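File shown here: entry-v5.cif, holding mmCIF, C-alpha atoms.
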data_protein
#
loop_
_atom_site.label_atom_id
_atom_site.label_comp_id
_atom_site.auth_asym_id
_atom_site.auth_seq_id
_atom_site.Cartn_x
_atom_site.Cartn_y
_atom_site.Cartn_z
CA MET A 1 -28.86 -29.68 -14.66
CA GLU A 2 -27.59 -30.07 -11.13
CA ARG A 3 -24.00 -29.12 -10.47
CA GLU A 4 -21.75 -31.88 -9.11
CA GLY A 5 -20.51 -30.65 -5.76
CA ILE A 6 -19.53 -27.02 -5.29
CA GLY A 7 -16.90 -27.11 -8.01
CA LYS A 8 -13.17 -27.66 -7.76
CA ASN A 9 -10.98 -24.77 -6.75
CA THR A 10 -8.34 -25.21 -9.44
CA THR A 11 -6.32 -22.29 -8.10
CA LYS A 12 -6.03 -23.95 -4.71
CA GLU A 13 -5.17 -27.28 -6.35
CA LYS A 14 -2.31 -25.68 -8.29
CA ILE A 15 -0.95 -23.99 -5.19
CA LYS A 16 -1.02 -27.22 -3.20
CA ALA A 17 0.83 -28.89 -6.07
CA GLY A 18 3.59 -26.30 -5.77
CA GLN A 19 2.67 -24.33 -8.89
CA ALA A 20 2.47 -20.57 -9.22
CA VAL A 21 -0.88 -18.95 -10.02
CA ILE A 22 -1.71 -15.57 -11.48
CA GLY A 23 -5.02 -13.79 -11.71
CA PHE A 24 -6.38 -10.31 -12.05
CA ARG A 25 -8.09 -7.71 -9.91
CA LEU A 26 -11.43 -6.20 -10.87
CA ASN A 27 -12.88 -3.34 -8.87
CA PHE A 28 -15.38 -2.11 -11.43
CA ILE A 29 -18.39 -3.71 -13.10
CA SER A 30 -17.49 -5.45 -16.35
CA PRO A 31 -18.53 -8.98 -17.30
CA ASP A 32 -16.82 -8.33 -20.65
CA VAL A 33 -13.38 -7.91 -19.07
CA ILE A 34 -13.80 -11.23 -17.26
CA GLU A 35 -14.69 -12.97 -20.52
CA ILE A 36 -11.92 -11.26 -22.50
CA LEU A 37 -9.22 -12.24 -19.99
CA SER A 38 -10.53 -15.75 -19.37
CA ASN A 39 -8.83 -17.66 -22.17
CA ILE A 40 -5.22 -16.50 -21.93
CA GLY A 41 -4.11 -18.76 -19.08
CA LEU A 42 -5.02 -16.74 -15.99
CA ASP A 43 -6.17 -18.73 -12.95
CA PHE A 44 -8.48 -16.49 -10.97
CA VAL A 45 -10.21 -13.15 -10.76
CA TYR A 46 -10.60 -11.32 -7.50
CA PHE A 47 -13.33 -8.79 -6.95
CA ASP A 48 -12.03 -5.93 -4.86
CA CYS A 49 -14.81 -4.98 -2.45
CA GLU A 50 -12.32 -3.14 -0.24
CA HIS A 51 -11.26 -0.63 -2.88
CA GLY A 52 -14.21 -0.62 -5.24
CA SER A 53 -17.87 0.16 -5.68
CA MET A 54 -19.37 -3.29 -6.26
CA SER A 55 -22.58 -4.06 -4.45
CA GLU A 56 -23.30 -7.58 -3.25
CA GLU A 57 -25.75 -8.12 -6.11
CA THR A 58 -23.18 -7.00 -8.68
CA CYS A 59 -20.47 -9.12 -7.10
CA GLN A 60 -22.70 -12.19 -7.32
CA ASP A 61 -23.28 -11.58 -11.02
CA MET A 62 -19.52 -11.19 -11.58
CA ILE A 63 -18.94 -14.46 -9.71
CA ARG A 64 -21.40 -16.18 -12.06
CA VAL A 65 -19.45 -14.95 -15.08
CA ALA A 66 -16.16 -16.15 -13.60
CA GLU A 67 -17.64 -19.59 -13.01
CA LEU A 68 -18.92 -19.79 -16.58
CA VAL A 69 -15.51 -18.98 -18.08
CA GLY A 70 -13.48 -21.21 -15.76
CA LEU A 71 -11.81 -18.65 -13.48
CA THR A 72 -11.72 -19.13 -9.72
CA PRO A 73 -13.84 -16.35 -8.17
CA ILE A 74 -12.26 -14.73 -5.11
CA VAL A 75 -13.55 -11.74 -3.13
CA ARG A 76 -11.37 -9.23 -1.32
CA VAL A 77 -13.59 -8.24 1.58
CA ALA A 78 -13.74 -4.71 2.93
CA SER A 79 -12.73 -5.73 6.44
CA ASN A 80 -12.18 -8.75 8.65
CA GLN A 81 -15.80 -8.99 9.76
CA PRO A 82 -17.50 -12.42 9.96
CA TRP A 83 -20.72 -11.17 8.39
CA PHE A 84 -18.84 -9.73 5.38
CA ILE A 85 -16.88 -12.95 4.87
CA LEU A 86 -20.04 -15.03 5.21
CA ARG A 87 -21.88 -12.93 2.62
CA ALA A 88 -18.99 -13.11 0.14
CA LEU A 89 -18.81 -16.90 0.36
CA ASP A 90 -22.58 -17.32 0.28
CA LEU A 91 -22.57 -15.38 -3.01
CA GLY A 92 -20.40 -18.16 -4.46
CA ALA A 93 -16.83 -16.98 -3.93
CA MET A 94 -14.33 -19.83 -3.59
CA GLY A 95 -11.87 -17.75 -1.65
CA ILE A 96 -11.56 -14.60 0.40
CA ILE A 97 -8.78 -12.06 0.64
CA VAL A 98 -8.76 -10.45 4.08
CA PRO A 99 -6.96 -7.11 4.47
CA HIS A 100 -4.69 -6.05 7.35
CA CYS A 101 -4.26 -9.39 9.10
CA ASN A 102 -1.85 -8.38 11.84
CA THR A 103 -2.24 -10.98 14.58
CA LYS A 104 -2.88 -14.67 15.09
CA GLU A 105 -6.29 -13.81 16.53
CA GLU A 106 -7.28 -11.79 13.47
CA VAL A 107 -6.31 -14.57 11.08
CA GLN A 108 -8.10 -17.13 13.22
CA ARG A 109 -11.23 -14.98 13.14
CA ALA A 110 -11.13 -14.94 9.34
CA VAL A 111 -10.66 -18.70 9.16
CA GLU A 112 -13.54 -19.35 11.54
CA ALA A 113 -15.82 -17.09 9.51
CA ALA A 114 -14.87 -18.85 6.25
CA LYS A 115 -15.14 -22.48 7.38
CA TYR A 116 -18.06 -24.58 8.53
CA PRO A 117 -17.88 -26.53 11.82
CA PRO A 118 -15.92 -28.26 13.14
CA VAL A 119 -13.18 -26.06 11.66
CA GLY A 120 -15.02 -22.75 12.02
CA ASP A 121 -18.42 -21.35 12.78
CA ARG A 122 -19.81 -20.36 9.37
CA GLY A 123 -23.58 -20.76 9.13
CA ILE A 124 -25.02 -23.14 6.53
CA GLY A 125 -26.63 -21.63 3.45
CA GLY A 126 -25.87 -19.64 0.34
CA ARG A 127 -25.96 -19.91 -3.41
CA SER A 128 -23.40 -22.73 -3.75
CA LEU A 129 -25.44 -24.99 -1.51
CA ARG A 130 -28.62 -24.34 -3.53
CA LEU A 131 -26.84 -25.12 -6.79
CA SER A 132 -24.92 -28.18 -5.68
CA GLY A 133 -27.80 -30.55 -5.04
CA MET A 134 -25.61 -32.22 -2.40
CA LEU A 135 -26.49 -33.59 0.98
CA ARG A 136 -25.62 -31.04 3.63
CA ALA A 137 -22.92 -33.17 5.26
CA ASP A 138 -21.20 -33.72 1.91
CA TYR A 139 -21.48 -30.04 1.08
CA ILE A 140 -19.84 -28.97 4.34
CA VAL A 141 -16.87 -31.27 3.80
CA GLU A 142 -16.39 -30.13 0.19
CA ALA A 143 -16.85 -26.44 0.97
CA ASN A 144 -14.27 -26.53 3.77
CA LYS A 145 -11.85 -28.31 1.48
CA GLU A 146 -12.23 -25.99 -1.53
CA THR A 147 -12.54 -22.57 0.16
CA MET A 148 -9.34 -20.52 0.26
CA VAL A 149 -8.36 -18.11 3.02
CA ILE A 150 -5.84 -15.48 1.93
CA ALA A 151 -4.45 -13.11 4.57
CA MET A 152 -2.97 -9.80 3.51
CA ILE A 153 0.30 -8.96 5.23
CA GLU A 154 0.52 -5.21 4.82
CA ASP A 155 1.54 -3.75 8.18
CA ILE A 156 4.78 -3.90 10.14
CA LYS A 157 2.80 -5.40 13.03
CA ALA A 158 2.04 -8.44 10.86
CA ILE A 159 5.73 -8.87 10.08
CA ASP A 160 6.52 -8.76 13.79
CA ASN A 161 3.81 -11.38 14.51
CA LEU A 162 4.62 -13.57 11.52
CA SER A 163 5.57 -16.74 13.41
CA GLU A 164 2.28 -16.71 15.34
CA ILE A 165 0.24 -16.05 12.19
CA LEU A 166 1.90 -18.99 10.44
CA ALA A 167 0.66 -21.32 13.18
CA ILE A 168 -2.96 -21.03 11.91
CA GLY A 169 -3.57 -24.32 10.14
CA GLU A 170 -6.35 -23.40 7.69
CA LEU A 171 -4.58 -20.35 6.29
CA ASP A 172 -3.77 -20.98 2.61
CA VAL A 173 -1.91 -17.90 1.39
CA LEU A 174 -0.07 -14.96 2.90
CA TRP A 175 -0.21 -12.11 0.42
CA VAL A 176 2.23 -9.28 1.01
CA GLY A 177 0.69 -5.92 0.14
CA ARG A 178 3.83 -3.95 -0.56
CA ALA A 179 2.10 -0.59 -1.09
CA ASP A 180 0.44 -0.47 2.32
CA LEU A 181 3.49 -2.10 3.90
CA SER A 182 5.60 0.77 2.58
CA LEU A 183 3.26 3.20 4.37
CA SER A 184 3.48 1.22 7.59
CA MET A 185 7.29 1.10 7.44
CA GLY A 186 7.69 4.82 6.79
CA VAL A 187 8.78 4.65 3.14
CA PRO A 188 5.54 5.55 1.32
CA GLY A 189 5.33 4.20 -2.21
CA GLN A 190 8.87 2.80 -2.17
CA VAL A 191 7.85 -0.81 -2.74
CA ASN A 192 11.38 -1.76 -3.76
CA HIS A 193 13.01 -0.20 -0.71
CA PRO A 194 15.53 -2.56 0.97
CA MET A 195 13.33 -2.73 4.09
CA ILE A 196 10.36 -3.85 2.01
CA GLN A 197 12.46 -6.35 0.09
CA GLU A 198 13.77 -7.80 3.34
CA ALA A 199 10.24 -8.05 4.78
CA VAL A 200 8.96 -9.81 1.66
CA LYS A 201 11.88 -12.24 1.73
CA LYS A 202 11.13 -13.01 5.39
CA VAL A 203 7.47 -13.76 4.67
CA ILE A 204 8.33 -15.98 1.68
CA THR A 205 11.05 -17.90 3.52
CA GLN A 206 9.16 -18.45 6.75
CA GLY A 207 5.83 -18.94 5.00
CA ARG A 208 7.14 -21.66 2.72
CA ALA A 209 8.91 -23.34 5.65
CA ALA A 210 5.54 -23.47 7.43
CA GLY A 211 3.84 -25.00 4.40
CA LYS A 212 2.00 -21.85 3.33
CA ALA A 213 1.87 -20.29 -0.11
CA VAL A 214 3.01 -16.68 -0.34
CA GLY A 215 2.00 -13.97 -2.77
CA VAL A 216 3.45 -10.56 -3.56
CA GLY A 217 1.39 -7.54 -4.57
CA ALA A 218 2.06 -4.19 -6.28
CA LEU A 219 4.03 -5.73 -9.16
CA PRO A 220 4.21 -3.76 -12.43
CA VAL A 221 2.49 -5.37 -15.41
CA ASP A 222 5.24 -4.32 -17.80
CA ASP A 223 8.15 -5.78 -15.81
CA PRO A 224 8.21 -9.59 -16.04
CA GLY A 225 11.54 -9.58 -14.25
CA SER A 226 9.89 -8.58 -10.98
CA TYR A 227 7.64 -11.65 -11.15
CA ARG A 228 10.59 -13.90 -11.90
CA GLN A 229 12.48 -12.41 -8.95
CA PHE A 230 9.79 -13.41 -6.48
CA LEU A 231 9.16 -16.73 -8.20
CA ARG A 232 12.81 -17.60 -7.64
CA GLN A 233 12.38 -16.72 -3.96
CA GLY A 234 9.41 -19.09 -3.73
CA ALA A 235 6.32 -16.90 -4.14
CA GLN A 236 3.33 -18.56 -5.82
CA PHE A 237 0.39 -16.13 -5.79
CA PHE A 238 0.31 -13.09 -8.08
CA SER A 239 -2.27 -10.77 -9.59
CA VAL A 240 -2.40 -7.93 -12.05
CA ASP A 241 -4.76 -4.98 -12.03
CA SER A 242 -7.12 -5.21 -15.00
CA ALA A 243 -7.24 -1.46 -15.59
CA THR A 244 -3.45 -1.20 -15.43
CA LEU A 245 -3.16 -4.14 -17.81
CA LEU A 246 -5.42 -2.43 -20.37
CA ARG A 247 -3.58 0.87 -19.96
CA SER A 248 -0.21 -0.82 -20.42
CA ALA A 249 -1.34 -2.57 -23.61
CA ALA A 250 -2.68 0.70 -25.03
CA ARG A 251 0.53 2.53 -24.15
CA GLN A 252 2.65 -0.12 -25.88
CA LEU A 253 0.51 0.14 -29.00
CA LEU A 254 0.82 3.92 -29.07
CA GLN A 255 4.58 3.71 -28.70
CA LYS A 256 4.79 1.30 -31.64
CA VAL A 257 2.55 3.50 -33.76
CA LYS A 258 4.58 6.61 -33.04
CA LEU A 259 7.79 4.76 -33.87
CA GLY A 260 6.30 3.19 -36.96
CA ASN A 261 6.90 -0.30 -35.56
CA VAL A 262 3.44 -1.83 -35.71
CA VAL A 263 3.76 -5.53 -36.62
#

Please re-express this file's structure in structure tokens.
Amino acid sequence: MEREGIGKNTTKEKIKAGQAVIGFRLNFISPDVIEILSNIGLDFVYFDCEHGSMSEETCQDMIRVAELVGLTPIVRVASNQPWFILRALDLGAMGIIVPHCNTKEEVQRAVEAAKYPPVGDRGIGGRSLRLSGMLRADYIVEANKETMVIAMIEDIKAIDNLSEILAIGELDVLWVGRADLSLSMGVPGQVNHPMIQEAVKKVITQGRAAGKAVGVGALPVDDPGSYRQFLRQGAQFFSVDSATLLRSAARQLLQKVKLGNVV
């Protein structure tokens, strides 16, 4: 059966409607984890090809699983290189996460690599086109509409250049990587340091004013209050690490067992 179009990016739709989205990070090979976490209300899964060992072939198979279970597949590319972004999207990803976006020119390069003309310069092809059964012109319009571009703000240089970065029209989400930002700002690992908090607040405030969604990274899975804090400030894009999520659940179970409080 032919697929109608390239598929709707429900995560992007929710963001544009002003809703918050939450997904999970996967940097190891496990179709089972994708299936297990697919029916609890999460919106997307992102495959971390910057900090992980997935090959392109493996990533494509993981994207297939995400599609089958109704999660938006997103790829975090290793670097802001057009060929890497092209390959990720041609595998079927509906969004890219681009690390260390520090200038307007770097963000523009990512957008141009992710979008077909006239918006960008992405070459025509890939798995989604083969599956869609669409005319090429229709496919290009739909693909440009549904593809997400997520820029990671994780260096002090990006904070300094924030107003210029926000001027890029096709940028969907600014995602603050607090861990790397803490390194850049000289407070390694102190993701709750006042300087980091002030930087995050600046990105959320100015990003929302410019019509962009903002996400916050390095949030603990066992502290819902930290999510609520950034939700109140206006952040919309969140993720949890799948391995950390499993470890946290196991730790909670062990604590209950040791205390005799299993319910």

Taking the file above as input, evaluate the PyMOL selection byres ((chain A and resi 35-39) around 10) and report the hits as JSON, numbers by chain. {"A": [23, 24, 30, 31, 32, 33, 34, 40, 41, 42, 43, 44, 45, 65, 66, 68, 69, 70, 71, 242]}

Using only C-alpha atoms, find the one residue out of A:Val119, A:Val21, A:Met148, A:Met195 that sits nearest to Ile74 in chain A.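 Using only C-alpha atoms, Ile74 in chain A sits closest to A:Met148.
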
Given the PyMOL selection byres ((chain A and resi 146) around 7), the residues it picks as a PDB file with C-alpha atoms, in the coordinates of the input:
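Contents of the output file expr_23.pdb:
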ATOM      1  CA  LYS A   8     -13.170 -27.660  -7.760  1.00  0.00           C
ATOM      2  CA  ASN A   9     -10.980 -24.770  -6.750  1.00  0.00           C
ATOM      3  CA  MET A  94     -14.330 -19.830  -3.590  1.00  0.00           C
ATOM      4  CA  GLU A 142     -16.390 -30.130   0.190  1.00  0.00           C
ATOM      5  CA  ALA A 143     -16.850 -26.440   0.970  1.00  0.00           C
ATOM      6  CA  ASN A 144     -14.270 -26.530   3.770  1.00  0.00           C
ATOM      7  CA  LYS A 145     -11.850 -28.310   1.480  1.00  0.00           C
ATOM      8  CA  THR A 147     -12.540 -22.570   0.160  1.00  0.00           C
ATOM      9  CA  MET A 148      -9.340 -20.520   0.260  1.00  0.00           C
TER      10      MET A 148
END

Hey, what comes out of the PyMOL selection byres ((chain A and resi 213-226) around 10) on this file? Could you write it as a ChimeraX atom specification? /A:12,15-16,18-22,150-154,171-180,189,191-192,200,203-212,227-231,234-242,244-249,252

Among the residues A:Asn161, A:Gln255, A:Gln60, A:Thr72, the one that comes closest to Val107 in chain A [using all atoms listed in the file]: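 Of A:Asn161, A:Gln255, A:Gln60, A:Thr72, the one nearest Val107 in chain A is A:Asn161, counting all atoms listed in the file.
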
To one decimal in Å, tell me the separation between CA of Ala78 in chain A and CA of Arg109 in chain A. 14.7 Å

Smallest atom-to-atom distance to Ile159 in chain A: which of A:Arg136, A:Arg122, A:Lys202, A:His193, using all atoms listed in the file? A:Lys202

From A:Glu50, A:Gly186, A:Ala167, A:Gly125, residue lying nearest His100 in chain A [only C-alpha atoms]: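 Among the listed residues, A:Glu50 lies closest to His100 in chain A.
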
My list of candidates is A:Lys157, A:Arg76, A:Lys258, A:Arg64. Which is closest to Phe47 in chain A when distances are computed with only C-alpha atoms?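 Looking only at the distances to Phe47 in chain A, the closest residue turns out to be A:Arg76.
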
Taking into account only C-alpha atoms, which residue in the set A:Met62, A:Ala17, A:Ala113, A:Val149 is nearest to Ile85 in chain A? A:Ala113

So how many Å separate CA of Ala243 in chain A and CA of Asn80 in chain A, to one decimal?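 A separation of 25.8 Å between them.
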
Give me, please, the distance in Å between CA of Leu89 in chain A and CA of Lys115 in chain A, quoted to one decimal.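 Interatomic distance, CA of Leu89 in chain A to CA of Lys115 in chain A: 9.7 Å.
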